[in-house]
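**Q** Just one file: model14.cif, with mmCIF, C-alpha atoms and all ligand atoms.
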data_coords
loop_
_atom_site.group_PDB
_atom_site.id
_atom_site.type_symbol
_atom_site.label_atom_id
_atom_site.label_comp_id
_atom_site.auth_asym_id
_atom_site.auth_seq_id
_atom_site.Cartn_x
_atom_site.Cartn_y
_atom_site.Cartn_z
ATOM 1 C CA MET V 226 43.982 296.485 70.581
ATOM 2 C CA ALA V 227 44.140 296.357 74.395
ATOM 3 C CA VAL V 228 41.020 297.411 76.271
ATOM 4 C CA ASP V 229 41.514 300.849 77.830
ATOM 5 C CA VAL V 230 39.288 300.531 80.867
ATOM 6 C CA ASP V 231 39.312 304.264 81.648
ATOM 7 C CA GLN V 232 38.184 305.182 78.130
ATOM 8 C CA VAL V 233 35.535 302.463 78.152
ATOM 9 C CA MET V 234 34.124 303.514 81.483
ATOM 10 C CA ALA V 235 34.186 307.188 80.440
ATOM 11 C CA ASN V 236 31.910 306.130 77.585
ATOM 12 C CA TYR V 237 29.561 304.552 80.137
ATOM 13 C CA ARG V 238 29.611 307.476 82.573
ATOM 14 C CA ASP V 239 25.883 307.706 81.957
ATOM 15 C CA THR V 240 23.402 305.923 79.708
ATOM 16 C CA GLY V 241 23.419 308.453 76.833
ATOM 17 C CA ASN V 242 26.071 306.952 74.543
ATOM 18 C CA LEU V 243 24.724 303.428 74.803
ATOM 19 C CA LYS V 244 21.157 304.571 74.130
ATOM 20 C CA THR V 245 22.333 306.569 71.102
ATOM 21 C CA ARG V 246 24.095 303.540 69.629
ATOM 22 C CA ILE V 247 21.187 301.207 70.289
ATOM 23 C CA SER V 248 18.721 303.647 68.685
ATOM 24 C CA ILE V 249 20.253 303.125 65.222
ATOM 25 C CA TYR V 250 18.800 299.600 65.302
ATOM 26 C CA ASP V 251 15.300 301.117 65.194
ATOM 27 C CA TYR V 252 15.949 301.075 61.429
ATOM 28 C CA ARG V 253 16.663 297.377 61.326
ATOM 29 C CA GLU V 254 14.573 294.938 59.281
ATOM 30 C CA PRO V 255 13.323 292.513 60.309
ATOM 31 C CA ARG V 256 12.633 294.205 63.600
ATOM 32 C CA PHE V 257 14.594 292.516 66.344
ATOM 33 C CA ASP V 258 14.405 292.851 70.098
ATOM 34 C CA PRO V 259 17.454 291.241 71.745
ATOM 35 C CA VAL V 260 15.599 291.113 75.043
ATOM 36 C CA ASP V 261 12.792 289.008 73.479
ATOM 37 C CA PHE V 262 15.445 286.824 71.887
ATOM 38 C CA ALA V 263 17.202 286.266 75.214
ATOM 39 C CA VAL V 264 13.934 285.519 77.015
ATOM 40 C CA GLY V 265 13.284 282.836 74.380
ATOM 41 C CA MET V 266 16.584 281.187 75.355
ATOM 42 C CA LEU V 267 15.942 281.047 79.099
ATOM 43 C CA PRO V 268 16.359 277.726 80.841
ATOM 44 C CA GLY V 269 12.717 277.772 82.064
ATOM 45 C CA ASP V 270 10.760 279.275 84.943
ATOM 46 C CA LEU V 271 12.891 281.680 86.986
ATOM 47 C CA ASP V 272 10.553 282.153 89.944
ATOM 48 C CA GLU V 273 12.434 281.896 93.259
ATOM 49 C CA LYS V 274 15.688 281.872 91.270
ATOM 50 C CA LEU V 275 18.698 284.224 91.562
ATOM 51 C CA VAL V 276 19.658 286.002 88.335
ATOM 52 C CA LEU V 277 22.753 288.205 88.005
ATOM 53 C CA ASP V 278 22.657 290.611 85.035
ATOM 54 C CA VAL V 279 26.353 291.524 84.756
ATOM 55 C CA GLY V 280 27.197 294.646 82.752
ATOM 56 C CA ALA V 281 23.502 295.423 82.997
ATOM 57 C CA GLY V 282 23.745 298.936 81.555
ATOM 58 C CA PHE V 283 20.418 300.739 81.912
ATOM 59 C CA GLY V 284 18.794 297.443 82.777
ATOM 60 C CA ARG V 285 16.758 296.481 79.715
ATOM 61 C CA TYR V 286 17.220 292.744 80.441
ATOM 62 C CA THR V 287 16.870 293.190 84.208
ATOM 63 C CA LYS V 288 13.588 295.094 83.859
ATOM 64 C CA ARG V 289 12.082 292.512 81.518
ATOM 65 C CA LEU V 290 13.051 289.540 83.697
ATOM 66 C CA ARG V 291 11.660 291.245 86.805
ATOM 67 C CA ALA V 292 8.385 291.890 84.951
ATOM 68 C CA ASP V 293 8.130 288.334 83.612
ATOM 69 C CA PHE V 294 9.285 286.610 86.822
ATOM 70 C CA PRO V 295 8.174 288.745 89.774
ATOM 71 C CA ARG V 296 9.228 286.068 92.260
ATOM 72 C CA ALA V 297 12.779 285.864 90.932
ATOM 73 C CA THR V 298 15.572 287.989 92.383
ATOM 74 C CA VAL V 299 17.222 289.817 89.486
ATOM 75 C CA VAL V 300 20.315 291.815 90.458
ATOM 76 C CA ALA V 301 21.673 294.417 88.028
ATOM 77 C CA ILE V 302 25.470 294.573 88.298
ATOM 78 C CA ASP V 303 27.636 297.082 86.444
ATOM 79 C CA LYS V 304 31.078 298.604 86.827
ATOM 80 C CA GLY V 305 29.633 302.033 85.976
ATOM 81 C CA PRO V 306 27.448 303.513 88.721
ATOM 82 C CA GLY V 307 25.977 306.045 86.268
ATOM 83 C CA MET V 308 24.624 303.213 84.115
ATOM 84 C CA LEU V 309 22.593 301.853 87.014
ATOM 85 C CA ALA V 310 20.980 305.191 87.909
ATOM 86 C CA GLU V 311 17.737 304.240 86.145
ATOM 87 C CA VAL V 312 17.518 300.719 87.549
ATOM 88 C CA GLU V 313 15.615 299.925 90.735
ATOM 89 C CA ALA V 314 17.233 297.951 93.551
ATOM 90 C CA PRO V 315 18.717 295.429 93.863
ATOM 91 C CA VAL V 316 21.668 296.899 91.953
ATOM 92 C CA MET V 317 25.375 296.513 92.613
ATOM 93 C CA VAL V 318 28.468 298.316 91.353
ATOM 94 C CA ALA V 319 31.062 295.600 90.709
ATOM 95 C CA ASP V 320 33.518 294.306 88.138
ATOM 96 C CA ALA V 321 32.605 291.178 86.186
ATOM 97 C CA ARG V 322 35.916 289.615 87.301
ATOM 98 C CA SER V 323 35.029 289.959 90.970
ATOM 99 C CA ILE V 324 31.346 289.385 91.605
ATOM 100 C CA PRO V 325 30.423 289.730 95.277
ATOM 101 C CA TYR V 326 28.387 286.513 95.454
ATOM 102 C CA PRO V 327 29.359 283.163 96.954
ATOM 103 C CA ASP V 328 30.302 280.109 94.914
ATOM 104 C CA ALA V 329 27.356 278.221 93.386
ATOM 105 C CA SER V 330 24.742 280.824 94.383
ATOM 106 C CA ALA V 331 23.180 281.970 91.071
ATOM 107 C CA ASP V 332 20.827 280.118 88.729
ATOM 108 C CA LEU V 333 21.340 282.381 85.699
ATOM 109 C CA VAL V 334 24.017 284.891 84.746
ATOM 110 C CA LEU V 335 23.538 287.320 81.865
ATOM 111 C CA ALA V 336 26.561 288.933 80.184
ATOM 112 C CA MET V 337 24.983 290.751 77.273
ATOM 113 C CA HIS V 338 27.307 292.684 74.969
ATOM 114 C CA MET V 339 29.747 293.354 77.767
ATOM 115 C CA LEU V 340 32.545 290.753 77.815
ATOM 116 C CA TYR V 341 34.515 292.546 75.073
ATOM 117 C CA HIS V 342 34.960 295.462 77.478
ATOM 118 C CA VAL V 343 36.733 293.287 80.057
ATOM 119 C CA PRO V 344 40.543 293.290 79.638
ATOM 120 C CA GLU V 345 40.720 289.554 80.447
ATOM 121 C CA PRO V 346 37.338 288.124 79.412
ATOM 122 C CA ALA V 347 38.452 284.589 80.379
ATOM 123 C CA GLU V 348 38.670 285.770 83.989
ATOM 124 C CA ALA V 349 35.096 287.034 83.866
ATOM 125 C CA VAL V 350 33.870 283.795 82.269
ATOM 126 C CA ALA V 351 35.573 281.811 85.057
ATOM 127 C CA GLU V 352 33.936 284.122 87.607
ATOM 128 C CA PHE V 353 30.496 283.462 86.065
ATOM 129 C CA ARG V 354 31.162 279.719 86.340
ATOM 130 C CA ARG V 355 32.169 280.180 89.999
ATOM 131 C CA VAL V 356 28.989 282.007 91.048
ATOM 132 C CA LEU V 357 26.681 279.728 89.030
ATOM 133 C CA LYS V 358 25.179 276.651 90.654
ATOM 134 C CA PRO V 359 26.028 273.338 89.000
ATOM 135 C CA GLY V 360 23.574 273.120 86.121
ATOM 136 C CA GLY V 361 23.159 276.914 86.076
ATOM 137 C CA THR V 362 23.077 278.844 82.797
ATOM 138 C CA LEU V 363 25.149 281.677 81.365
ATOM 139 C CA LEU V 364 23.590 283.722 78.551
ATOM 140 C CA ALA V 365 26.186 285.869 76.786
ATOM 141 C CA SER V 366 26.030 287.936 73.604
ATOM 142 C CA THR V 367 28.318 289.827 71.268
ATOM 143 C CA ASN V 368 28.721 290.941 67.640
ATOM 144 C CA ILE V 369 30.097 288.948 64.754
ATOM 145 C CA ARG V 370 33.559 289.836 63.519
ATOM 146 C CA GLY V 371 33.272 292.278 60.615
ATOM 147 C CA ASP V 372 29.804 293.399 61.700
ATOM 148 C CA MET V 373 28.235 296.566 60.235
ATOM 149 C CA ALA V 374 30.816 296.606 57.436
ATOM 150 C CA GLN V 375 29.580 299.658 55.494
ATOM 151 C CA LEU V 376 29.268 301.740 58.663
ATOM 152 C CA ALA V 377 32.806 300.748 59.678
ATOM 153 C CA GLU V 378 34.093 301.562 56.158
ATOM 154 C CA LEU V 379 32.549 305.025 56.323
ATOM 155 C CA TRP V 380 34.043 305.533 59.796
ATOM 156 C CA HIS V 381 37.542 304.617 58.579
ATOM 157 C CA ARG V 382 37.241 306.830 55.480
ATOM 158 C CA VAL V 383 36.424 309.878 57.592
ATOM 159 C CA ALA V 384 38.255 309.101 60.856
ATOM 160 C CA ASP V 385 41.583 307.624 59.757
ATOM 161 C CA PRO V 386 42.839 310.853 58.107
ATOM 162 C CA VAL V 387 42.022 312.750 61.321
ATOM 163 C CA LEU V 388 43.286 310.200 63.843
ATOM 164 C CA GLY V 389 46.353 309.098 61.916
ATOM 165 C CA PRO V 390 48.099 305.712 62.011
ATOM 166 C CA GLY V 391 46.333 303.198 64.198
ATOM 167 C CA GLY V 392 43.199 305.348 64.253
ATOM 168 C CA TYR V 393 40.322 303.760 66.090
ATOM 169 C CA SER V 394 38.475 300.615 65.060
ATOM 170 C CA TRP V 395 35.444 299.499 67.045
ATOM 171 C CA GLN V 396 35.833 296.072 65.440
ATOM 172 C CA ASP V 397 39.327 295.782 66.903
ATOM 173 C CA ALA V 398 38.037 297.124 70.201
ATOM 174 C CA ILE V 399 35.706 294.123 70.640
ATOM 175 C CA ARG V 400 38.175 291.468 69.431
ATOM 176 C CA GLY V 401 38.666 290.154 72.949
ATOM 177 C CA PHE V 402 35.193 288.651 72.777
ATOM 178 C CA ASP V 403 33.618 288.588 69.315
ATOM 179 C CA SER V 404 32.107 285.706 67.327
ATOM 180 C CA ALA V 405 35.549 284.464 66.272
ATOM 181 C CA ASN V 406 36.868 283.755 69.740
ATOM 182 C CA ALA V 407 33.892 283.777 72.121
ATOM 183 C CA PRO V 408 33.081 280.053 71.699
ATOM 184 C CA GLY V 409 36.610 279.028 72.726
ATOM 185 C CA LEU V 410 36.554 281.264 75.783
ATOM 186 C CA LEU V 411 33.164 279.940 76.858
ATOM 187 C CA GLU V 412 33.991 276.275 76.179
ATOM 188 C CA ALA V 413 36.971 276.596 78.525
ATOM 189 C CA ALA V 414 34.556 276.992 81.438
ATOM 190 C CA PHE V 415 31.277 275.381 80.309
ATOM 191 C CA ASP V 416 30.474 271.856 79.095
ATOM 192 C CA SER V 417 27.868 272.967 76.564
ATOM 193 C CA VAL V 418 27.860 276.151 74.454
ATOM 194 C CA GLU V 419 24.914 276.629 72.079
ATOM 195 C CA VAL V 420 25.156 279.390 69.466
ATOM 196 C CA PHE V 421 22.233 281.472 68.146
ATOM 197 C CA GLU V 422 22.668 284.178 65.489
ATOM 198 C CA ALA V 423 20.298 286.904 64.347
ATOM 199 C CA THR V 424 20.983 288.967 61.227
ATOM 200 C CA GLY V 425 19.145 291.991 59.890
ATOM 201 C CA LEU V 426 19.663 294.940 57.586
ATOM 202 C CA VAL V 427 19.817 298.421 59.072
ATOM 203 C CA SER V 428 18.524 301.000 56.530
ATOM 204 C CA VAL V 429 19.032 304.491 57.894
ATOM 205 C CA PRO V 430 16.906 307.082 56.037
ATOM 206 C CA GLU V 431 18.884 310.225 56.990
ATOM 207 C CA PRO V 432 22.414 311.190 58.116
ATOM 208 C CA GLY V 433 21.498 312.060 61.729
ATOM 209 C CA PRO V 434 21.546 308.566 63.306
ATOM 210 C CA VAL V 435 24.918 307.759 61.673
ATOM 211 C CA LEU V 436 26.455 311.050 62.838
ATOM 212 C CA ARG V 437 25.110 310.531 66.368
ATOM 213 C CA TYR V 438 26.475 306.965 66.395
ATOM 214 C CA PHE V 439 29.941 308.282 65.498
ATOM 215 C CA ALA V 440 29.710 311.094 68.057
ATOM 216 C CA SER V 441 28.832 308.562 70.781
ATOM 217 C CA ILE V 442 32.286 306.963 70.594
ATOM 218 C CA GLN V 443 34.194 310.186 71.236
ATOM 219 C CA SER V 444 35.492 309.151 74.670
ATOM 220 C CA LEU V 445 36.932 305.937 73.192
ATOM 221 C CA LEU V 446 39.254 307.874 70.887
ATOM 222 C CA GLY V 447 41.310 309.468 73.646
ATOM 223 C CA ARG V 448 41.292 312.690 71.612
ATOM 224 C CA ASP V 449 39.827 316.151 72.094
ATOM 225 C CA ASP V 450 36.544 317.562 70.772
ATOM 226 C CA ASN V 451 38.293 319.040 67.714
ATOM 227 C CA ALA V 452 39.164 315.600 66.366
ATOM 228 C CA MET V 453 35.566 314.425 66.584
ATOM 229 C CA ALA V 454 34.317 317.715 65.081
ATOM 230 C CA ALA V 455 36.597 317.143 62.061
ATOM 231 C CA ILE V 456 35.431 313.532 61.723
ATOM 232 C CA LEU V 457 31.776 314.565 61.876
ATOM 233 C CA LEU V 458 32.283 317.291 59.283
ATOM 234 C CA ALA V 459 33.867 314.799 56.877
ATOM 235 C CA ALA V 460 31.084 312.285 57.602
ATOM 236 C CA GLU V 461 28.414 314.919 56.907
ATOM 237 C CA GLN V 462 29.937 315.558 53.490
ATOM 238 C CA GLU V 463 30.200 311.854 52.665
ATOM 239 C CA LEU V 464 26.638 311.249 53.768
ATOM 240 C CA ALA V 465 25.338 314.232 51.782
ATOM 241 C CA ASP V 466 26.913 312.689 48.668
ATOM 242 C CA HIS V 467 25.480 309.291 49.549
ATOM 243 C CA PHE V 468 21.937 310.542 50.153
ATOM 244 C CA ALA V 469 22.011 312.552 46.916
ATOM 245 C CA GLU V 470 21.899 309.176 45.155
ATOM 246 C CA HIS V 471 20.341 306.745 47.645
ATOM 247 C CA ALA V 472 17.255 306.806 49.856
ATOM 248 C CA THR V 473 18.982 304.971 52.704
ATOM 249 C CA PHE V 474 22.402 304.142 54.117
ATOM 250 C CA ASP V 475 22.432 300.360 54.600
ATOM 251 C CA PHE V 476 24.540 297.928 56.578
ATOM 252 C CA PRO V 477 23.989 294.401 57.907
ATOM 253 C CA LYS V 478 23.899 293.772 61.635
ATOM 254 C CA THR V 479 24.432 290.359 63.204
ATOM 255 C CA VAL V 480 24.365 289.581 66.885
ATOM 256 C CA VAL V 481 25.279 286.242 68.346
ATOM 257 C CA PHE V 482 24.006 284.750 71.572
ATOM 258 C CA TYR V 483 25.502 281.881 73.558
ATOM 259 C CA ARG V 484 23.664 279.641 76.002
ATOM 260 C CA CYS V 485 26.218 277.928 78.204
ATOM 261 C CA ARG V 486 25.732 275.210 80.790
HETATM 262 C C1 LIG Y 501 27.308 297.646 75.609
HETATM 263 S S1 LIG Y 501 26.795 297.899 77.272
HETATM 264 C C2 LIG Y 501 25.605 296.591 77.452
HETATM 265 C C3 LIG Y 501 24.550 296.879 78.501
HETATM 266 C C4 LIG Y 501 23.455 295.803 78.622
HETATM 267 N N1 LIG Y 501 23.997 294.499 78.922
HETATM 268 C C5 LIG Y 501 22.636 295.739 77.352
HETATM 269 O O1 LIG Y 501 22.868 294.858 76.525
HETATM 270 O O2 LIG Y 501 21.785 296.628 77.191
HETATM 271 C C6 LIG Y 501 28.160 297.318 78.245
HETATM 272 C C7 LIG Y 501 28.000 297.524 79.754
HETATM 273 O O3 LIG Y 501 29.042 296.801 80.437
HETATM 274 C C8 LIG Y 501 29.508 297.586 81.515
HETATM 275 N N2 LIG Y 501 30.872 297.119 81.840
HETATM 276 C C9 LIG Y 501 32.000 297.342 81.137
HETATM 277 N N3 LIG Y 501 33.044 296.720 81.716
HETATM 278 C C10 LIG Y 501 32.553 296.073 82.805
HETATM 279 C C11 LIG Y 501 33.140 295.229 83.803
HETATM 280 N N4 LIG Y 501 34.448 294.930 83.787
HETATM 281 N N5 LIG Y 501 32.351 294.733 84.763
HETATM 282 C C12 LIG Y 501 31.020 295.032 84.795
HETATM 283 N N6 LIG Y 501 30.415 295.833 83.876
HETATM 284 C C13 LIG Y 501 31.163 296.328 82.887
HETATM 285 C C14 LIG Y 501 29.418 299.011 81.015
HETATM 286 O O4 LIG Y 501 29.406 299.947 82.068
HETATM 287 C C15 LIG Y 501 28.106 298.970 80.224
HETATM 288 O O5 LIG Y 501 27.006 299.291 81.038
#
Render the structure in this file as structure tokens.
**A**
Amino acid sequence: MAVDVDQVMANYRDTGNLKTRISIYDYREPRFDPVDFAVGMLPGDLDEKLVLDVGAGFGRYTKRLRADFPRATVVAIDKGPGMLAEVEAPVMVADARSIPYPDASADLVLAMHMLYHVPEPAEAVAEFRRVLKPGGTLLASTNIRGDMAQLAELWHRVADPVLGPGGYSWQDAIRGFDSANAPGLLEAAFDSVEVFEATGLVSVPEPGPVLRYFASIQSLLGRDDNAMAAILLAAEQELADHFAEHATFDFPKTVVFYRCR
């Protein structure tokens, strides 16, 4: 499935959809903070260093690195200006394939859960290599292929009849950079690619977070409100049946992080 940049960026017009999706992981056990995880993978002290957080979103990594390393310069870069509205300067609206920094200027680049949105992720990876100093580090993250299987199965049961052939699959939508092909793309530009995985079980105790997760992908469907309304109605019925027999709706969640040098 080709990346439709307009649909993707419509989804990131503001921070609401991303925050909705992330909030479902509040029900994950063991508790997992990807920002803590990334900080644990840092190459060392970042004071006086230049860090570019590319596809920064609402800046959860940027904010943490600025707090931990007040003498570092951490620049939040995103293609969507609305995503950066809550992030203090320095921020920059730019595409990951064309970063307005000179060659060999950055010490650390972050590309957290964003490369699958880039139509040609290899071009962005090459751009990260270009702006990084020799010996600099790229931290990237994504999801494993087949992630959140039960949630995806529910989505297809309720959405495919509404959307028809082809439908919409968020697993297909991230295939450009998921766990199956990310290492190859990164190894093309970096000498060393270390892989770190973190798995948990998300146990949602009520239908609301699942319905809100589905609703948050509306702009990616390229369909009108009626299609999503029909999908949500079918999902409500399925979830009512599920919760009549189970206390929670469960699915595994695995993220994978890459440290590249
Ligand atoms: C799933 S969010 C991740 C946000 C943040 N890295 C995090 O993990 O919280 C993906 C972000 O990438 C941004 N994005 C998508 N395509 C981009 C591109 N080509 N260049 C820069 N940013 C992009 C989106 O606007 C969005 O803010």
**Q** What are the nearest atom pairs, with distances in Å to one decimal, for all residues of range 378-448 of chain V that come at most 10 Å from range 335-340 of chain V, using only C-alpha atoms, set out by chain and rising residue number as CSV?
**A**
residue,atom,partner,partner_atom,distance
V:Ile399,CA,V:Leu340,CA,8.5
V:Gly401,CA,V:Leu340,CA,7.8
V:Phe402,CA,V:Leu340,CA,6.1
V:Asp403,CA,V:Leu340,CA,8.8
V:Ala407,CA,V:Leu340,CA,9.1
**Q** Decode the PyMOL selection byres (((not hetatm)) within 6 of (chain Y and resi 501)) for the given file into explicit residues and return them as a list of chain:residue names.
**A**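 After applying the PyMOL selection byres (((not hetatm)) within 6 of (chain Y and resi 501)), what remains is V:Met234, V:Tyr237, V:Val279, V:Gly280, V:Ala281, V:Gly282, V:Arg285, V:Asp303, V:Lys304, V:Gly305, V:Met308, V:Ala319, V:Asp320, V:Ala321, V:Met337, V:His338, V:Met339, V:His342, V:Val343.
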**Q** Which residues, named as in the file, does the PyMOL selection byres (((chain V and resi 456-463) around 12) and not hetatm) pick out? Answer as an MDAnalysis selection string.
**A** chainID V and resid 376:389 392:393 431:443 446 448:455 464:470 474
**Q** V:Asn406, V:Thr240, V:Thr298, V:Thr287: which is nearest Glu273 in chain V, counting only C-alpha atoms?
**A**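 Of V:Asn406, V:Thr240, V:Thr298, V:Thr287, the one nearest Glu273 in chain V, counting only C-alpha atoms, is V:Thr298.
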**Q** Kindly resolve the PyMOL selection byres (((chain V and resi 327) around 10) and not hetatm) on the present coordinates and return the residues as number ranges by chain.
**A** V: 324-326, 328-331, 355-358
